[in-house]
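Student: Questions regarding the structure given below will be posed in turn.
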Amino acid sequence: MPISVVASGGDAQSSVSATLTSLDPDKLRISSDGAATGEASITASPERKSACKPWQRRARRHGACPLKAPGYATAEREVQFVTAELQMMNPAPSLSLRPLVSSSVGLLYGPLDERGLVSSQFGGSLRPGIRSSVRISSSDSNVLGIPQSEMTLATYMNIPLLPVAPGRARIQIDAPSQINNRVATIDAVVGPFQFNYFSVSGLVRYLVSKLTVTNPRPQPTAVTVSSDGRIPLRFGTAASGADGPSGSSLLANLSANESLDAHVEPAGSGIATIRLDAPDFASASSGTYVSYPQVRLDQGSPAEREPVEPYIEVAVILVVPTAALSACRWGPPLAP
């Protein structure tokens with residue numbers, strides 16, 4: 001823990017040689033270098049200000065550090081020791097995690113404040129020469145993985161977590177016996193898998209649209225595609241033919257991270273909703289409006305030529321009624 005020593009008074013240009021001593025080196029040692037092991041006494045020669053760091057060797061109620069310098073009154077500061085603990089940063093009854101989304105949990109080690117929490121004002125570190133390890137494990141590696149099973153004890157530790165699948169697991173924190181460990185176990189709940197964002201826009205009556213369904217997990221998954229709205233939808237694995245849209249739902253057995261193009265045909269106009277379901281997944285749905293198509297002449301129809309016979313044959317097509325597609329001139333508008 002750092003402290004500052006300031007010389008006040010006297011000639012500002014003169015140097016001061018000050019000696020800082022611990023009256024009980026078994027309780028308190030002092031060092032002018034935060035990376036060096038403390039001693040019973042140190043002497044520093046600052047011009048006006050110096051900094052030295054006392055290090056707690058064993059937990060006691062208090063210690064004393066007199067400061068002496070020629071021409072200066074002796075100053076003595078009592079150092080009070082408080083209990084230090086290993087605690088969870090931002091403690092909560094349990095961690096809520098998403099599968100396949102990397103996360104972490106923070107641990108703090110340091111003296112406690114009046115609320116019984118690790119003090120946010122503590123600016124110290126572990127005493128040099130003290131090297132201890134903290135071991136981390138999971139009660140169920142099929143639910144929650146621990147990429148780093150051992151870390152060096154420090155005032156702050158960030159433990160990476162890898163949620164694997166939905167379920168509940170306990171994170172076990174094993175600290176050295178001399179460490180007051182308040183965070184021996186942490187409950188973790190891994191929620192269901194989530195489908196990637198999907199949407200189908202521009203569903204049109206009598207026309208078939210394409211919907212891409214993706215399995216985001218690295219294991220095979222059976223995904224059910226269905227409609228959940230006022231307008232029924234038909235599904236298939238092809239745009240037409242034997243595998244064209246016909247059933248009210250579609251079961252897609254997807255391999256790890258596989259995608260499938262499903263084809264959708266609405267059975268009416270209005271609001272329609274597509275729903276995705278799978279084991280261990282949260283249901284996902286996306287709504288869209290089903291409109292009627294526009295009728296246009298097929299490109300190449302002889303509608304603008306003077307008919308030789310009383311009647312001519314023309315081909316008409318159904319198109320999506322959007323501004324973007326309306327700009328594509330597949331043929332002149334049909335007119336009397």
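Each chain of the structure tokens is named A, B, ... in the order shown, its residues numbered from 1; ligands are numbered from 1 in display order.
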I'd like the neighbourhood of A:Ala262 as a short mmCIF file (atom, residue, chain, number, x, y, z; two decimals) with N, CA and C atoms, in the first residue's frame, where a residue qualifies if any of its atoms comes within 6 Å (using only C-alpha atoms), though same-chain residues fewer than 6 positions away should be ignored.
Tutor:
data_model
loop_
_atom_site.label_atom_id
_atom_site.label_comp_id
_atom_site.auth_asym_id
_atom_site.auth_seq_id
_atom_site.Cartn_x
_atom_site.Cartn_y
_atom_site.Cartn_z
N LYS A 210 -38.04 -17.02 -50.26
CA LYS A 210 -37.01 -17.87 -49.67
C LYS A 210 -36.65 -17.40 -48.27
N LEU A 211 -36.50 -18.34 -47.35
CA LEU A 211 -36.10 -18.06 -45.97
C LEU A 211 -34.90 -18.93 -45.64
N GLY A 236 -41.72 -25.51 -47.83
CA GLY A 236 -41.10 -26.60 -48.58
C GLY A 236 -39.61 -26.35 -48.70
N THR A 237 -38.90 -27.34 -49.24
CA THR A 237 -37.45 -27.20 -49.42
C THR A 237 -37.10 -26.79 -50.85
#
Student: Could you name the residues that touch A:Asp243 at 12 Å or less, counting only C-alpha atoms, but leaving out those on the same chain fewer than 4 positions away, as a PDB file with C-alpha atoms, in the first residue's frame?
Tutor:
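Once written, selection-v2.pdb looks like this:
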ATOM      1  CA  ARG A 234     -46.973 -23.281 -46.530  1.00  0.00           C
ATOM      2  CA  PHE A 235     -43.365 -24.468 -46.412  1.00  0.00           C
ATOM      3  CA  GLY A 236     -41.101 -26.598 -48.580  1.00  0.00           C
ATOM      4  CA  THR A 237     -37.446 -27.203 -49.421  1.00  0.00           C
ATOM      5  CA  ALA A 238     -37.894 -26.183 -53.060  1.00  0.00           C
ATOM      6  CA  ALA A 239     -39.727 -23.412 -54.898  1.00  0.00           C
ATOM      7  CA  GLY A 247     -47.175 -28.349 -45.458  1.00  0.00           C
ATOM      8  CA  LEU A 250     -41.140 -27.909 -42.099  1.00  0.00           C
ATOM      9  CA  ALA A 262     -36.671 -22.948 -46.932  1.00  0.00           C
ATOM     10  CA  HIS A 263     -39.376 -21.763 -49.342  1.00  0.00           C
ATOM     11  CA  VAL A 264     -42.540 -20.045 -48.126  1.00  0.00           C
TER      12      VAL A 264
END
Student: Work out how far apart atom CA of A:Ser291 and atom CA of A:Leu207 are and give it in Å to one decimal.
Tutor: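 One can read the atom CA of A:Ser291 to atom CA of A:Leu207 distance as 10.2 Å.
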Student: Nearest residue to A:Thr21 out of A:Met89, A:Ile231, A:Ile42, A:Ala188, using only C-alpha atoms?
Tutor: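 Using only C-alpha atoms, the shortest distance to A:Thr21 belongs to A:Ile42.
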Student: Kindly give the distance, in Å, that separates atom CA of A:Pro220 and atom CA of A:Val189, rounded to a single decimal.
Tutor: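 Spanning atom CA of A:Pro220 to atom CA of A:Val189 is a straight-line distance of 22.6 Å.
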Student: Would you please give, as a ChimeraX atom specification, all residues of stretch 98-299 of chain A that DSSP assigns to strand (DSSP E) based on the backbone?
Tutor: /A:103-111,133-138,144-145,150-152,156-163,167-174,185-190,209-214,221-227,233-236,249-254,259-266,270-277,284-290,294-297
Student: What's the 9 Å shell around stretch 169-181 of chain A, counting only C-alpha atoms, without same-chain residues fewer than 2 positions away, as a PyMOL selection string?
Tutor: chain A and resi 83-87+132-141+143-144+146+153+167+183-190
Student: With C-alpha atoms retained, write the just-selected residues as a short mmCIF file (atom, residue, chain, number, x, y, z; two decimals), in the first residue's frame.
Tutor:
data_model
loop_
_atom_site.label_atom_id
_atom_site.label_comp_id
_atom_site.auth_asym_id
_atom_site.auth_seq_id
_atom_site.Cartn_x
_atom_site.Cartn_y
_atom_site.Cartn_z
CA THR A 83 -9.30 -7.95 7.29
CA ALA A 84 -8.69 -8.72 3.62
CA GLU A 85 -10.95 -10.99 1.60
CA LEU A 86 -11.32 -12.52 -1.83
CA GLN A 87 -14.70 -11.43 -3.19
CA SER A 132 -0.04 -17.72 -4.63
CA SER A 133 -2.41 -19.28 -7.12
CA VAL A 134 -6.18 -19.49 -7.35
CA ARG A 135 -7.70 -22.57 -9.00
CA ILE A 136 -10.95 -22.37 -10.92
CA SER A 137 -13.15 -25.31 -11.97
CA SER A 138 -16.68 -26.03 -13.20
CA SER A 139 -19.07 -28.59 -11.73
CA ASP A 140 -20.26 -29.46 -15.27
CA SER A 141 -17.93 -28.82 -18.19
CA VAL A 143 -22.61 -26.70 -19.49
CA LEU A 144 -19.82 -24.26 -18.60
CA ILE A 146 -13.24 -22.76 -17.80
CA LEU A 153 -3.57 -14.26 -6.90
CA GLY A 167 -28.13 -25.74 -17.91
CA VAL A 183 -16.45 -16.48 -3.17
CA ALA A 184 -15.78 -20.22 -2.88
CA THR A 185 -18.63 -21.04 -5.31
CA ILE A 186 -20.54 -19.05 -7.92
CA ASP A 187 -23.82 -20.28 -9.40
CA ALA A 188 -24.08 -19.92 -13.18
CA VAL A 189 -27.20 -20.39 -15.32
CA VAL A 190 -26.68 -20.82 -19.06
#
Student: Return the single residue from A:Gln219, A:Gln148, A:Ser103, A:Thr155 that is closest to A:Ser125, with distances computed using only C-alpha atoms.
Tutor: A:Thr155
Student: Which value, in Å to one decimal, gives the distance between atom CA of A:Tyr156 and atom CA of A:Leu97?
Tutor: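 Spanning atom CA of A:Tyr156 to atom CA of A:Leu97 is a straight-line distance of 21.5 Å.
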Student: Using only C-alpha atoms, which of the listed residues (A:Ser119, A:Gln194, A:Ser209, A:Thr43) sits closest to A:Pro99?
Tutor: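 Using only C-alpha atoms, A:Pro99 sits closest to A:Gln194.
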Student: Find the residues near A:Asn215: any atom within 12 Å, counting only C-alpha atoms, skip ones fewer than 5 places away on the same chain, and give them as an NGL selection string.
Tutor: :A and (193-198 or 220-224 or 252-261 or 276-279 or 281)
